[in-house]
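Presented below is the structure to which this report refers.
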Amino acid sequence: MIKSLRLIDFRCFATLSMELRDRGGIFIGDNAQGKTSILEAICVLLRLQSPRAKSMRPLVRFEATGAGVAGECWEQELTIRYGRGGVQLGIDGEEVSTQNQYLAQSGLIVWMGNEDIELVRGSGGIRRHYLDFLCSQLDLGYRRALSRYRRALKARNVLLKDPVSREAELDAYTEILIEHGDYLHEVRQRIVAMLEPRASEAQSNISGRDEILSLQYVAGSEGGMREALAVSRESERRQRQTLVGPHRDDVKIFIHGMPASEFASEGQQRTIALALKLAQGEAIEADAGKVPIYLLDDIFGELDPSRRNALMAHLPVGAQKFITTTSVDWLDGGWGEWPLYRVCDGKVSKWERDNSVE
Ligand SMILES: Nc1ncnc2c1ncn2[C@@H]1O[C@H](COP(=O)(O)OP(=O)(O)OP(=O)(O)O)[C@@H](O)[C@H]1O
């Protein structure tokens with residue numbers, strides 16, 4: 001659970017300091033007021049990663065030179081400072097030297113956003129990103145393996161493009177790809193196997209129908225990295241790039257045995273995306289033994305009332321959940337027990353219930 005959040009020069013917030021409740025809360029406001037930025041800050045604080053920025057730089061308030069995020073999470077004080085000297089991480093006032101050390105203690109999350117529909121109809125890269133975010137929360141070695149794999153892949157592709165053959169160097173990078181590629185493959189395969197039954201059940205629950213969802217992990221390195229690289233050696237020389245490995249993995253999604261990207265309606269695709277995220281939360285709980293925090297960024301507008309209510313009913317009761325929305329009308333008066341906040345122009349105040357029909 002996150003008990004408090006403090007921001008300095010983060011996105012549109014010059015400063016923000018707020019206590020958070022165990023249940024979570026609903027942040028209500030017009031567009032471009034700062035709602036998503038609050039959820040983003042929680043995501044950064046817990047996972048050192050923003051769902052919409054590749055680096056920390058865009059998170060710094062326009063006029064400022066650095067940004068800070070801090071909060072009490074699972075009884076520890078987490079701090080992140082970002083400025084000219086880079087990123088500084090702290091837990092309970094002690095500086096933490098590596099991101100992995102910080103992430104091992106920080107906390108787990110599920111992010112749900114409007115763009116999640118791309119999990120179903122977008123490219124394989126989007127599904128790999130979804131898997132990477134989940135796998136790195138469940139496997140401590142995953143992030144390191146992924147970053148070493150990516151670096152070796154990049155270097156190897158440069159060598160393959162070089163007209164001068166540099167076999168010894170190529171072989172050295174091949175070994176790194178094999179070591180980390182097989183590791184990534186094993187973790188992804190295990191996690192997809194955990195996801196499938198959970199996603200399938202969530203799909204039936206949210207749709208309220210017998211919609212059969214199935215997943216298939218398609219490895220980009222059939223038969224293991226060493227064999228796959230040996231088989232593709234001639235083709236990769238011709239095409240001048242590494243053709244096999246986890247960077248080519250995908251997760252195929254089927255509804256009633258048919259590819260969901262081609263056969264599912266938009267509403268079904270949104271439901272599948274939600275089911276994948278609910279499955280993510282359950283997999284985290286089963287594997288890590290911790291209930292993740294759920295961050296739901298403005299997803300209710302696109303769902304019909306029955307799917308909205310089904311989603312609310314299937315979010316784990318004991319989990320802390322933070323939701324952003326432009327209006328609470330869809331809650332249908334069911335907001336009685338939710339802490340409600342108004343977000344306006346980079347400031348947060350208590351939502352006055354009398355305003356709820358604005
Ligand atoms: N680095 C930054 N510094 C200052 N302001 C920023 C920065 N990055 C984004 N903003 C601005 O912060 C404001 C709030 O953005 P945010 O995405 O949090 O809004 P929101 O309330 O979630 O809006 P919506 O409902 O449209 O999703 C926007 O006006 C955005 O342009």
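Letters A, B, ... go to the chains of the structure tokens in the order shown; residues in each chain start at 1; ligands are counted from 1 in the same order.
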Query - Within 12 Å of region 206-216 of chain A using only C-alpha atoms, minus same-chain residues under 5 positions, as an MDAnalysis selection string - result: chainID A and resid 120 127 188:201 249:260 264:265 267:276 278:279 303:315
Just-selected residues, C-alpha atoms written as an mmCIF file, in the first residue's frame:
```cif
data_model
loop_
_atom_site.group_PDB
_atom_site.id
_atom_site.type_symbol
_atom_site.label_atom_id
_atom_site.label_comp_id
_atom_site.auth_asym_id
_atom_site.auth_seq_id
_atom_site.Cartn_x
_atom_site.Cartn_y
_atom_site.Cartn_z
ATOM 1 C CA VAL A 120 -4.939 -6.836 -28.865
ATOM 2 C CA ARG A 127 2.703 -7.339 -26.160
ATOM 3 C CA ARG A 188 8.171 -15.350 -20.562
ATOM 4 C CA GLN A 189 6.959 -18.867 -21.242
ATOM 5 C CA ARG A 190 6.319 -19.485 -17.548
ATOM 6 C CA ILE A 191 4.484 -16.181 -17.116
ATOM 7 C CA VAL A 192 2.251 -16.640 -20.186
ATOM 8 C CA ALA A 193 1.285 -20.085 -18.842
ATOM 9 C CA MET A 194 0.274 -18.380 -15.591
ATOM 10 C CA LEU A 195 -1.642 -15.664 -17.422
ATOM 11 C CA GLU A 196 -3.736 -17.803 -19.739
ATOM 12 C CA PRO A 197 -6.242 -19.423 -17.343
ATOM 13 C CA ARG A 198 -6.557 -16.193 -15.373
ATOM 14 C CA ALA A 199 -7.153 -14.054 -18.472
ATOM 15 C CA SER A 200 -9.649 -16.566 -19.785
ATOM 16 C CA GLU A 201 -11.663 -16.485 -16.580
ATOM 17 C CA ASP A 249 8.570 -13.194 -29.527
ATOM 18 C CA ASP A 250 4.829 -12.633 -29.579
ATOM 19 C CA VAL A 251 1.741 -13.657 -27.666
ATOM 20 C CA LYS A 252 -1.113 -14.570 -29.999
ATOM 21 C CA ILE A 253 -4.566 -13.828 -28.631
ATOM 22 C CA PHE A 254 -7.599 -15.822 -29.718
ATOM 23 C CA ILE A 255 -11.281 -15.470 -29.017
ATOM 24 C CA HIS A 256 -13.243 -18.659 -29.713
ATOM 25 C CA GLY A 257 -10.117 -19.936 -31.453
ATOM 26 C CA MET A 258 -10.001 -17.011 -33.922
ATOM 27 C CA PRO A 259 -7.362 -14.235 -33.909
ATOM 28 C CA ALA A 260 -8.799 -11.517 -31.660
ATOM 29 C CA ALA A 264 -13.152 -9.465 -31.911
ATOM 30 C CA SER A 265 -15.363 -6.365 -31.833
ATOM 31 C CA GLY A 267 -15.802 -3.771 -27.097
ATOM 32 C CA GLN A 268 -14.482 -7.329 -26.970
ATOM 33 C CA GLN A 269 -10.963 -6.113 -27.681
ATOM 34 C CA ARG A 270 -11.218 -3.657 -24.785
ATOM 35 C CA THR A 271 -12.506 -6.458 -22.573
ATOM 36 C CA ILE A 272 -9.606 -8.700 -23.592
ATOM 37 C CA ALA A 273 -7.154 -5.938 -22.727
ATOM 38 C CA LEU A 274 -8.787 -5.576 -19.301
ATOM 39 C CA ALA A 275 -8.749 -9.346 -18.842
ATOM 40 C CA LEU A 276 -5.016 -9.393 -19.585
ATOM 41 C CA LEU A 278 -6.626 -8.398 -14.348
ATOM 42 C CA ALA A 279 -4.727 -11.617 -15.075
ATOM 43 C CA LEU A 303 -16.856 0.698 -21.717
ATOM 44 C CA ASP A 304 -20.578 0.068 -21.688
ATOM 45 C CA PRO A 305 -22.236 0.200 -18.225
ATOM 46 C CA SER A 306 -22.376 -3.571 -17.756
ATOM 47 C CA ARG A 307 -18.673 -4.047 -18.553
ATOM 48 C CA ARG A 308 -17.791 -1.067 -16.337
ATOM 49 C CA ASN A 309 -19.647 -2.512 -13.388
ATOM 50 C CA ALA A 310 -18.264 -5.991 -14.050
ATOM 51 C CA LEU A 311 -14.738 -4.588 -14.069
ATOM 52 C CA MET A 312 -15.314 -2.718 -10.803
ATOM 53 C CA ALA A 313 -16.758 -5.890 -9.280
ATOM 54 C CA HIS A 314 -13.744 -7.964 -10.352
ATOM 55 C CA LEU A 315 -11.030 -5.673 -9.126
#
```
Requested in this report: Check every protein, DNA and RNA residue against ligand 1, keep those with an atom at most 8 Å away (counting only C-alpha atoms and all ligand atoms), and present them as JSON, numbers by chain.
Outcome: {"A": [9, 10, 11, 12, 13, 29, 30, 31, 32, 33, 34, 35, 36, 37, 38, 57, 58, 59, 60, 61, 62, 63, 297, 298, 324, 325, 326, 343, 344, 345, 346]}
Requested in this report: Give the answer as one residue: which of A:Ile8, A:Ile42, A:Val348, A:Ile178 has the shortest atom-to-atom distance to Trp111 (chain A), using only C-alpha atoms?
Outcome: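 Of all the options, A:Ile42 lies closest to Trp111 (chain A).
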Query raised in the report: Could you name the residues that touch Val87 (chain A) at 10 Å or less, counting only C-alpha atoms, but leaving out those on the same chain fewer than 3 positions away, as JSON, numbers by chain?
Result: {"A": [48, 56, 66, 67, 68, 80, 81, 82, 83, 84, 99]}
Taking N, CA and C atoms for each residue, export the selection above as a compact mmCIF listing (two decimals), in the first residue's frame.
```
# COMPACT_ATOMS: atom_id res chain seq x y z
N LEU A 48 10.03 2.73 -11.20
CA LEU A 48 11.07 3.52 -11.88
C LEU A 48 10.80 3.62 -13.39
N MET A 56 13.27 9.94 -17.73
CA MET A 56 12.76 10.83 -16.67
C MET A 56 12.61 12.27 -17.17
N GLY A 66 15.02 19.88 -12.26
CA GLY A 66 14.99 18.51 -11.73
C GLY A 66 13.63 18.23 -11.14
N ALA A 67 13.39 16.97 -10.78
CA ALA A 67 12.08 16.60 -10.22
C ALA A 67 12.28 15.62 -9.06
N GLY A 68 11.30 15.56 -8.19
CA GLY A 68 11.37 14.61 -7.08
C GLY A 68 10.03 13.92 -6.85
N ILE A 80 12.87 9.40 -4.96
CA ILE A 80 13.57 9.47 -6.25
C ILE A 80 13.84 10.95 -6.52
N ARG A 81 15.09 11.26 -6.77
CA ARG A 81 15.44 12.62 -7.18
C ARG A 81 16.07 12.53 -8.55
N TYR A 82 15.62 13.43 -9.42
CA TYR A 82 16.20 13.43 -10.76
C TYR A 82 16.65 14.84 -11.09
N GLY A 83 17.90 14.96 -11.52
CA GLY A 83 18.39 16.29 -11.88
C GLY A 83 19.61 16.16 -12.76
N ARG A 84 20.42 17.22 -12.74
CA ARG A 84 21.60 17.21 -13.64
C ARG A 84 22.53 16.03 -13.36
N GLN A 99 19.29 0.19 -9.43
CA GLN A 99 17.84 0.17 -9.67
C GLN A 99 17.25 -1.18 -9.25
```
Hey, what does DSSP flag as strand (DSSP E or B) within region 1-170 of chain A? Can you give it to me as a short mmCIF file (atom, residue, chain, number, x, y, z; two decimals) with C-alpha atoms, in the first residue's frame?
```
data_model
loop_
_atom_site.label_atom_id
_atom_site.label_comp_id
_atom_site.auth_asym_id
_atom_site.auth_seq_id
_atom_site.Cartn_x
_atom_site.Cartn_y
_atom_site.Cartn_z
CA ILE A 2 1.08 3.54 -0.61
CA SER A 4 1.53 9.16 1.06
CA LEU A 5 2.77 10.83 -2.09
CA ARG A 6 4.95 13.91 -2.44
CA LEU A 7 5.93 15.55 -5.71
CA ILE A 8 8.30 18.37 -6.52
CA ASP A 9 8.41 19.79 -10.04
CA PHE A 10 6.82 16.65 -11.45
CA PHE A 13 2.80 19.87 -10.21
CA ALA A 14 5.16 22.43 -8.64
CA THR A 15 4.54 20.65 -5.34
CA LEU A 16 2.04 18.12 -4.11
CA SER A 17 1.79 16.42 -0.75
CA MET A 18 -1.06 14.10 0.07
CA GLU A 19 -1.97 11.26 2.36
CA ARG A 21 -6.10 5.87 1.89
CA GLY A 24 -7.14 4.16 -2.99
CA GLY A 25 -9.14 6.96 -4.55
CA ILE A 26 -10.79 8.48 -7.57
CA PHE A 27 -9.22 11.58 -9.13
CA ILE A 28 -11.79 13.65 -10.99
CA VAL A 60 10.44 17.39 -15.07
CA ALA A 67 12.08 16.60 -10.22
CA GLY A 68 11.37 14.61 -7.08
CA VAL A 69 8.89 11.88 -6.15
CA ALA A 70 8.61 10.38 -2.69
CA GLY A 71 6.14 8.44 -0.61
CA GLU A 72 5.59 5.93 2.12
CA CYS A 73 5.05 2.54 0.52
CA GLN A 76 9.25 2.29 3.76
CA GLU A 77 10.05 5.81 2.68
CA LEU A 78 10.92 5.74 -1.02
CA THR A 79 12.56 8.72 -2.69
CA ILE A 80 13.57 9.47 -6.25
CA ARG A 81 15.44 12.62 -7.18
CA TYR A 82 16.20 13.43 -10.76
CA GLY A 83 18.39 16.29 -11.88
CA GLY A 86 21.09 11.78 -12.93
CA VAL A 87 18.73 9.70 -10.80
CA GLN A 88 19.23 9.25 -7.07
CA LEU A 89 17.25 6.56 -5.30
CA GLY A 90 16.65 6.22 -1.59
CA ILE A 91 14.90 3.90 0.83
CA GLU A 94 19.69 5.55 2.71
CA GLU A 95 20.93 5.94 -0.84
CA VAL A 96 20.33 2.85 -2.96
CA ILE A 109 1.59 -2.49 -9.76
CA VAL A 110 -0.91 -3.09 -12.53
CA TRP A 111 -1.45 -0.17 -14.92
CA MET A 112 -4.63 -0.02 -16.97
CA GLY A 113 -4.99 2.67 -19.61
#
```
Query raised in the report: Quick one: residues within 12 Å of Ser147 (chain A), only C-alpha atoms counted, chain neighbours fewer than 4 positions away excluded, as an MDAnalysis selection string?
Result: chainID A and resid 100 132 136 141:143 151:154 176:177 180:181 184 247
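Between CA of Ala53 (chain A) and CA of Thr98 (chain A) lies a distance of 20.6 Å.
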Query - Neighbour list for Ser165 (chain A) as a ChimeraX atom specification, cut-off 12 Å, only C-alpha atoms, skip fewer than 6 positions in-chain - result: /A:156,158-159,171,237,240
Query - alpha helix (DSSP H) call set, DSSP backbone run, region 22-250 of chain A, as a PyMOL selection string - result: chain A and resi 35-47+99-106+118-121+124-138+142-161+167-207+225-239
